[in-house]
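Q: So here's input.csv (CSV, C-alpha atoms).
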```
chain,number,residue,atom,x,y,z
N,1,MET,CA,-4.4,-0.8,-17.0
N,2,PRO,CA,-7.8,-0.8,-15.3
N,3,ASP,CA,-10.5,1.0,-17.3
N,4,VAL,CA,-13.2,0.8,-14.6
N,5,LYS,CA,-12.7,3.3,-11.7
N,6,LYS,CA,-13.0,1.9,-8.2
N,7,THR,CA,-13.9,3.1,-4.8
N,8,ILE,CA,-10.7,2.6,-2.8
N,9,ALA,CA,-10.5,3.1,1.0
N,10,VAL,CA,-7.1,3.7,2.4
N,11,LEU,CA,-7.0,3.0,6.1
N,12,GLY,CA,-4.2,4.9,7.5
N,13,GLY,CA,-4.5,7.4,4.7
N,14,THR,CA,-3.5,10.2,7.0
N,15,GLY,CA,0.0,8.8,7.1
N,16,LYS,CA,2.7,9.4,4.5
N,17,GLU,CA,2.6,6.1,2.6
N,18,GLY,CA,-1.2,5.7,2.7
N,19,GLY,CA,-1.6,9.4,1.9
N,20,GLY,CA,0.7,9.1,-1.1
N,21,LEU,CA,-1.2,6.2,-2.5
N,22,ALA,CA,-4.6,7.8,-1.9
N,23,LEU,CA,-3.4,11.0,-3.7
N,24,ARG,CA,-2.2,9.1,-6.7
N,25,TRP,CA,-5.3,7.0,-7.1
N,26,ALA,CA,-7.5,10.1,-6.8
N,27,HIS,CA,-5.4,11.9,-9.3
N,28,HIS,CA,-6.2,9.1,-11.8
N,29,GLY,CA,-9.9,9.3,-11.3
N,30,HIS,CA,-10.7,6.7,-8.6
N,31,GLN,CA,-13.1,7.6,-5.8
N,32,VAL,CA,-10.9,7.5,-2.7
N,33,ILE,CA,-12.0,7.4,0.9
N,34,VAL,CA,-9.3,8.3,3.4
N,35,GLY,CA,-9.7,6.3,6.6
N,36,SER,CA,-8.5,7.1,10.0
N,37,ARG,CA,-9.4,6.3,13.6
N,38,THR,CA,-11.5,9.5,13.7
N,39,ALA,CA,-13.6,10.9,10.8
N,40,ALA,CA,-12.5,14.4,11.6
N,41,ARG,CA,-8.8,13.6,11.1
N,42,ALA,CA,-9.6,11.7,7.9
N,43,GLU,CA,-11.6,14.5,6.4
N,44,GLU,CA,-8.8,17.0,7.3
N,45,ALA,CA,-6.4,14.9,5.3
N,46,ALA,CA,-8.9,14.4,2.4
N,47,ALA,CA,-9.4,18.2,2.2
N,48,ALA,CA,-5.7,18.7,1.9
N,49,MET,CA,-5.6,16.2,-1.0
N,50,ARG,CA,-8.5,17.9,-2.8
N,51,ASP,CA,-6.6,21.2,-2.5
N,52,ALA,CA,-3.5,19.5,-4.0
N,53,LEU,CA,-5.3,17.9,-7.0
N,54,PRO,CA,-6.3,19.6,-10.2
N,55,GLY,CA,-10.0,19.8,-10.2
N,56,GLY,CA,-10.1,18.8,-6.5
N,57,GLY,CA,-10.4,15.0,-7.0
N,58,ASP,CA,-13.0,12.7,-5.6
N,59,VAL,CA,-11.6,12.3,-2.1
N,60,ARG,CA,-13.5,12.2,1.2
N,61,GLY,CA,-12.6,11.2,4.8
N,62,ALA,CA,-14.3,8.7,7.1
N,63,ALA,CA,-13.6,6.6,10.2
N,64,ASN,CA,-11.9,3.3,9.3
N,65,LEU,CA,-14.9,1.1,9.6
N,66,ASP,CA,-17.2,3.4,7.6
N,67,ALA,CA,-14.5,3.7,4.9
N,68,ALA,CA,-14.0,-0.1,4.7
N,69,ARG,CA,-17.8,-0.6,4.4
N,70,ALA,CA,-18.1,1.9,1.5
N,71,ALA,CA,-15.2,0.7,-0.6
N,72,GLU,CA,-14.7,-2.0,-3.2
N,73,ILE,CA,-11.0,-2.3,-2.5
N,74,VAL,CA,-9.4,-1.6,0.9
N,75,VAL,CA,-5.8,-0.6,1.5
N,76,LEU,CA,-4.2,-1.1,5.0
N,77,ALA,CA,-1.4,1.4,5.5
N,78,VAL,CA,-1.0,1.6,9.2
N,79,PRO,CA,2.1,1.0,11.4
N,80,PHE,CA,2.9,-2.6,12.2
N,81,ALA,CA,2.0,-2.1,15.9
N,82,ALA,CA,-1.5,-1.2,14.8
N,83,GLN,CA,-2.0,-3.7,12.0
N,84,GLN,CA,-3.9,-6.6,13.7
N,85,ALA,CA,-6.1,-4.3,15.8
N,86,ALA,CA,-7.0,-2.3,12.6
N,87,VAL,CA,-7.8,-5.5,10.8
N,88,ALA,CA,-10.0,-6.9,13.6
N,89,GLU,CA,-12.0,-3.6,13.7
N,90,VAL,CA,-13.0,-3.8,10.0
N,91,ALA,CA,-12.9,-7.6,9.4
N,92,LYS,CA,-16.6,-8.0,8.7
N,93,ALA,CA,-16.6,-5.1,6.2
N,94,LEU,CA,-13.8,-6.8,4.3
N,95,GLN,CA,-15.6,-10.0,3.4
N,96,GLY,CA,-15.8,-10.5,-0.4
N,97,LYS,CA,-13.3,-7.7,-1.0
N,98,ILE,CA,-9.6,-7.3,-1.8
N,99,LEU,CA,-7.5,-6.1,1.1
N,100,ILE,CA,-4.1,-4.6,0.0
N,101,ASP,CA,-1.8,-4.7,3.0
N,102,VAL,CA,1.2,-2.4,2.9
N,103,THR,CA,2.3,-3.3,6.4
N,104,VAL,CA,6.0,-3.4,7.1
N,105,PRO,CA,7.1,-5.1,10.3
N,106,LEU,CA,9.3,-2.3,11.5
N,107,VAL,CA,10.2,-2.4,15.2
N,108,PRO,CA,11.5,1.0,16.4
N,109,PRO,CA,14.1,2.1,17.1
N,110,LYS,CA,16.0,-0.4,15.0
N,111,VAL,CA,14.0,0.0,11.9
N,112,SER,CA,17.0,-0.6,9.6
N,113,ARG,CA,17.2,-4.2,10.9
N,114,VAL,CA,15.0,-7.0,9.6
N,115,GLN,CA,12.6,-8.1,12.3
N,116,LEU,CA,10.0,-10.4,10.8
N,117,PRO,CA,7.3,-11.5,13.3
N,118,ASN,CA,8.1,-15.1,14.3
N,119,GLY,CA,10.3,-15.3,11.3
N,120,GLY,CA,7.3,-15.0,8.9
N,121,SER,CA,5.2,-12.6,6.9
N,122,ALA,CA,3.1,-10.0,8.8
N,123,VAL,CA,0.7,-9.8,5.8
N,124,GLU,CA,0.3,-13.6,5.6
N,125,ALA,CA,-0.8,-13.5,9.2
N,126,VAL,CA,-3.6,-11.2,8.2
N,127,GLN,CA,-4.9,-13.6,5.6
N,128,THR,CA,-5.0,-16.3,8.3
N,129,MET,CA,-7.0,-13.9,10.6
N,130,LEU,CA,-9.5,-13.1,7.9
N,131,GLY,CA,-10.0,-16.4,6.2
N,132,GLU,CA,-10.8,-17.2,2.6
N,133,GLY,CA,-13.6,-14.7,2.3
N,134,VAL,CA,-11.1,-11.9,1.9
N,135,ARG,CA,-8.4,-11.8,-0.8
N,136,VAL,CA,-5.4,-10.4,0.9
N,137,VAL,CA,-2.7,-8.9,-1.3
N,138,SER,CA,0.8,-7.7,-0.2
N,139,ALA,CA,2.1,-4.7,-2.1
N,140,PHE,CA,3.7,-1.2,-2.0
N,141,GLN,CA,6.0,-1.8,1.0
N,142,ASN,CA,9.1,-0.7,-0.9
N,143,ILE,CA,7.8,2.5,-2.5
N,144,SER,CA,8.9,5.7,-0.7
N,145,ALA,CA,6.2,8.2,0.2
N,146,HIS,CA,8.8,10.8,-0.8
N,147,HIS,CA,8.1,9.8,-4.4
N,148,LEU,CA,4.4,9.0,-4.2
N,149,THR,CA,3.4,12.6,-3.4
N,150,ARG,CA,5.3,14.0,-6.4
N,151,LEU,CA,2.6,13.4,-9.0
N,152,ASP,CA,4.6,14.4,-12.0
N,153,GLU,CA,7.7,12.3,-11.0
N,154,ASP,CA,8.5,8.9,-12.5
N,155,VAL,CA,9.0,6.6,-9.6
N,156,GLU,CA,12.2,4.6,-10.1
N,157,CYS,CA,11.2,1.6,-8.0
N,158,ASP,CA,9.3,-1.6,-8.8
N,159,VAL,CA,6.4,-3.0,-6.8
N,160,LEU,CA,6.3,-6.7,-5.8
N,161,VAL,CA,2.7,-7.9,-5.5
N,162,CYS,CA,2.1,-11.2,-3.6
N,163,ALA,CA,-1.2,-13.0,-3.1
N,164,ASP,CA,-2.6,-16.5,-2.9
N,165,ASP,CA,-5.3,-15.4,-5.4
N,166,ALA,CA,-3.6,-14.7,-8.7
N,167,ALA,CA,-6.5,-12.7,-10.1
N,168,ALA,CA,-6.5,-10.4,-7.1
N,169,ALA,CA,-2.7,-9.9,-7.5
N,170,ASP,CA,-3.2,-9.1,-11.2
N,171,GLU,CA,-5.8,-6.5,-10.3
N,172,VAL,CA,-3.4,-4.8,-7.8
N,173,VAL,CA,-0.7,-4.9,-10.5
N,174,GLY,CA,-3.0,-3.0,-12.7
N,175,LEU,CA,-3.8,-0.4,-10.0
N,176,ALA,CA,-0.1,0.1,-9.5
N,177,GLN,CA,0.6,0.5,-13.2
N,178,GLU,CA,-2.2,3.0,-13.5
N,179,ILE,CA,-0.5,5.4,-11.0
N,180,GLY,CA,2.8,5.2,-12.8
N,181,LEU,CA,4.5,2.3,-11.1
N,182,THR,CA,6.1,-0.8,-12.5
N,183,ALA,CA,4.6,-3.8,-10.7
N,184,TRP,CA,5.1,-7.6,-10.8
N,185,ASN,CA,3.0,-10.6,-9.7
N,186,ALA,CA,5.7,-12.1,-7.4
N,187,GLY,CA,3.8,-15.3,-6.4
N,188,PRO,CA,2.0,-16.5,-3.3
N,189,LEU,CA,1.5,-14.5,-0.2
N,190,CYS,CA,4.3,-16.3,1.7
N,191,ASN,CA,6.7,-14.5,-0.7
N,192,SER,CA,5.7,-11.3,1.0
N,193,VAL,CA,8.5,-11.9,3.5
N,194,VAL,CA,10.9,-10.6,0.9
N,195,SER,CA,9.1,-7.2,0.4
N,196,GLU,CA,8.6,-6.8,4.2
N,197,ALA,CA,12.2,-7.5,5.0
N,198,LEU,CA,13.5,-5.5,2.1
N,199,THR,CA,12.1,-2.3,3.5
N,200,SER,CA,14.6,-2.3,6.4
N,201,VAL,CA,17.4,-2.9,3.9
N,202,LEU,CA,16.2,0.2,1.9
N,203,ILE,CA,16.1,2.3,5.1
N,204,ALA,CA,19.7,1.3,5.9
N,205,LEU,CA,20.7,2.3,2.3
N,206,ASN,CA,18.9,5.6,2.7
N,207,ARG,CA,20.8,6.3,5.9
N,208,ARG,CA,24.2,5.1,4.6
N,209,TYR,CA,24.0,7.0,1.3
N,210,LYS,CA,22.0,10.0,2.5
N,211,VAL,CA,19.1,9.6,0.0
N,212,PRO,CA,15.4,10.1,0.6
N,213,GLY,CA,14.0,7.0,-1.2
N,214,SER,CA,16.0,4.1,-2.5
N,215,GLY,CA,14.2,1.4,-4.3
N,216,ILE,CA,14.5,-1.8,-6.4
N,217,ARG,CA,14.3,-2.8,-10.0
N,218,ILE,CA,13.4,-6.2,-11.5
N,219,THR,CA,15.5,-6.9,-14.6
N,220,GLY,CA,15.4,-9.5,-17.3
N,221,VAL,CA,11.6,-9.8,-17.5
N,222,PRO,CA,9.8,-8.1,-20.5
N,223,GLN,CA,7.3,-5.6,-19.2
N,224,THR,CA,4.7,-6.9,-21.7
N,225,VAL,CA,4.5,-10.2,-19.7
```
Go through the file and emit its structure as structure tokens.
A:
Amino acid sequence: MPDVKKTIAVLGGTGKEGGGLALRWAHHGHQVIVGSRTAARAEEAAAAMRDALPGGGDVRGAANLDAARAAEIVVLAVPFAAQQAAVAEVAKALQGKILIDVTVPLVPPKVSRVQLPNGGSAVEAVQTMLGEGVRVVSAFQNISAHHLTRLDEDVECDVLVCADDAAAADEVVGLAQEIGLTAWNAGPLCNSVVSEALTSVLIALNRRYKVPGSGIRITGVPQTV
């Protein structure tokens, strides 16, 4: 697990998934910047997190671009429809950094059906947009926000981490493990299509079996690897 605490910006941190990740990282001592389209909305969400954390936590709000500039690691947790516009807005601030993209290509109203853009990975498309100066990592698509916000709960779902830069993937694996998740380096960024598509399958399971947050487990691999 990482010993050095990071400054992590969560763009879309006012939403359920981004907010859950931000809350957990702040709970474990990282400096967290909640990003949103407006600084006021971001600070409102950050204040609610400080109230929810023992000791308040090191959380503040900022507009997306300011949040990305100030962070060492940036997390993109916006709806698929806003993904590319959000990336374009902060592209210059991402150079030399890790971008963790949580995007799932859900197309309402049929969110329980797999609808990959042009049959490929939405996250891989972001790496193409940004170029080699940004290490894009795909992760956290299959973790329910229902579980993330319950800080004392063991999350019974594994995280698949995909990236073309193996060292960046391993760093994100460590960040996931630190907040109580089991995470695996699942290979290159093109493999992200599996995580992105799997979310629609999990939504279908949630609806069919009336549960709030189904997940996946990887078996047969020792967790010490």
Q: Can you find the residues with an atom no farther than 10 Å from (-15.5, 14.6, 10.4), counting all atoms listed in the file, and report them as a list in words?
A: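 I get Thr38, Ala39, Ala40, Arg41, Ala42, Glu43, Glu44, Arg60, Gly61, Ala62 and Ala63 of chain N for the residues within 10 Å of that point.
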Q: Closest to Leu181 in chain N among N:Leu21, N:Val136, N:Leu65, N:Ala81, using only C-alpha atoms?
A: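 Of N:Leu21, N:Val136, N:Leu65, N:Ala81, the one nearest Leu181 in chain N is N:Leu21, counting only C-alpha atoms.
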Q: Using only C-alpha atoms, which of N:Glu178, N:Asp164, N:Asp158, N:Glu196 sits nearest Trp25 in chain N?
A: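 Looking only at the distances to Trp25 in chain N, the closest residue turns out to be N:Glu178.
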Q: Pick the closest to Val87 in chain N from N:Gln223, N:Val173, N:Val74, N:Val107: which is it, counting only C-alpha atoms?
A: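 So, comparing all the options, the nearest one is N:Val74.
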Q: For Arg208 in chain N, which of N:Thr149, N:Leu11, N:Ser112, N:Ser138 is the closest residue, counting all atoms listed in the file?
A: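 For Arg208 in chain N, the nearest of the given residues is N:Ser112.
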Q: Neighbouring residues of Asn185 in chain N were defined as those with any atom within 7 Å, considering all atoms listed in the file; residues of the same chain fewer than 2 positions away were excluded. Please report them as a list in words.
A: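 So, after excluding close chain neighbours, the residues are Leu160, Val161, Cys162, Ala169, Asp170, Val173 and Gly187 of chain N.
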Q: Save the residues we just selected, C-alpha atoms, as a CSV table (one decimal), keeping the file's coordinate frame?
A:
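Everything below was put into again.csv:
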```csv
chain,number,residue,atom,x,y,z
N,160,LEU,CA,6.3,-6.7,-5.8
N,161,VAL,CA,2.7,-7.9,-5.5
N,162,CYS,CA,2.1,-11.2,-3.6
N,169,ALA,CA,-2.7,-9.9,-7.5
N,170,ASP,CA,-3.2,-9.1,-11.2
N,173,VAL,CA,-0.7,-4.9,-10.5
N,187,GLY,CA,3.8,-15.3,-6.4
```
Q: Using all atoms listed in the file, which protein or nucleic acid residues come within 9 Å of Gly120 in chain N? Drop anything in the same chain fewer than 4 positions from it, and give the result as a list of chain:residue names.
A: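 Final neighbour list, sorted by chain and number: N:Leu116, N:Glu124, N:Ala125, N:Cys190, N:Ser192, N:Val193.
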Q: Identify which of the residues N:Asp154, N:Glu89, N:Glu72, N:Asp58 lies closest to Ser36 in chain N, counting all atoms listed in the file when measuring atom-to-atom distances.
A: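 Looking at the shortest contact to Ser36 in chain N, the residue is N:Glu89.
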Q: Pick from N:Ala26, N:Val111, N:Ile143, N:Ile98: nearest to Ala166 in chain N, with all atoms listed in the file counted?
A: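 So, comparing all the options, the nearest one is N:Ile98.
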Q: Give me, as number ranges by chain, all polymer residues having an atom no more than 12 Å from Arg24 in chain N, counting only C-alpha atoms and skipping those fewer than 3 positions away in the same chain.
A: N: 8, 10, 13, 17-21, 27-32, 49-50, 52-54, 57-59, 145, 147-153, 155, 175-181
Q: Could you take the residues named above and write them with C-alpha atoms, as a compact mmCIF listing (two decimals), in the frame of the given file?
A:
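See again-v3.txt below for the written result:
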```txt
# COMPACT_ATOMS: atom_id res chain seq x y z
CA ILE N 8 -10.70 2.60 -2.80
CA VAL N 10 -7.10 3.70 2.40
CA GLY N 13 -4.50 7.40 4.70
CA GLU N 17 2.60 6.10 2.60
CA GLY N 18 -1.20 5.70 2.70
CA GLY N 19 -1.60 9.40 1.90
CA GLY N 20 0.70 9.10 -1.10
CA LEU N 21 -1.20 6.20 -2.50
CA HIS N 27 -5.40 11.90 -9.30
CA HIS N 28 -6.20 9.10 -11.80
CA GLY N 29 -9.90 9.30 -11.30
CA HIS N 30 -10.70 6.70 -8.60
CA GLN N 31 -13.10 7.60 -5.80
CA VAL N 32 -10.90 7.50 -2.70
CA MET N 49 -5.60 16.20 -1.00
CA ARG N 50 -8.50 17.90 -2.80
CA ALA N 52 -3.50 19.50 -4.00
CA LEU N 53 -5.30 17.90 -7.00
CA PRO N 54 -6.30 19.60 -10.20
CA GLY N 57 -10.40 15.00 -7.00
CA ASP N 58 -13.00 12.70 -5.60
CA VAL N 59 -11.60 12.30 -2.10
CA ALA N 145 6.20 8.20 0.20
CA HIS N 147 8.10 9.80 -4.40
CA LEU N 148 4.40 9.00 -4.20
CA THR N 149 3.40 12.60 -3.40
CA ARG N 150 5.30 14.00 -6.40
CA LEU N 151 2.60 13.40 -9.00
CA ASP N 152 4.60 14.40 -12.00
CA GLU N 153 7.70 12.30 -11.00
CA VAL N 155 9.00 6.60 -9.60
CA LEU N 175 -3.80 -0.40 -10.00
CA ALA N 176 -0.10 0.10 -9.50
CA GLN N 177 0.60 0.50 -13.20
CA GLU N 178 -2.20 3.00 -13.50
CA ILE N 179 -0.50 5.40 -11.00
CA GLY N 180 2.80 5.20 -12.80
CA LEU N 181 4.50 2.30 -11.10
```
Q: Once you count all atoms listed in the file, which residues end up no further than 12 Å from (0.5, 4.7, 10.8) in the file's frame, shown as a list in words?
A: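 Applying the cut-off with all atoms listed in the file, one gets Val10, Leu11, Gly12, Gly13, Thr14, Gly15, Lys16, Glu17, Gly18, Gly19, Gly35, Ser36, Arg37, Leu76, Ala77, Val78, Pro79, Phe80, Ala81, Ala82, Gln83, Ala86, Val102, Thr103, Val104, Pro105 and Leu106 of chain N.
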Q: What's the separation between CA of Arg113 in chain N and CA of Val201 in chain N, in Å to one decimal place?
A: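 These atoms are spaced 7.1 Å apart.
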Q: So the first atom is CA of Glu156 in chain N and the second is CA of Leu189 in chain N; what is the distance between them in Å, to one decimal place?
A: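 Going from CA of Glu156 in chain N over to CA of Leu189 in chain N, I get 24.0 Å.
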Q: Do you have the CA of Val34 in chain N-CA of Phe140 in chain N distance handy?
A: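 Here the two named atoms are 17.0 Å from each other.
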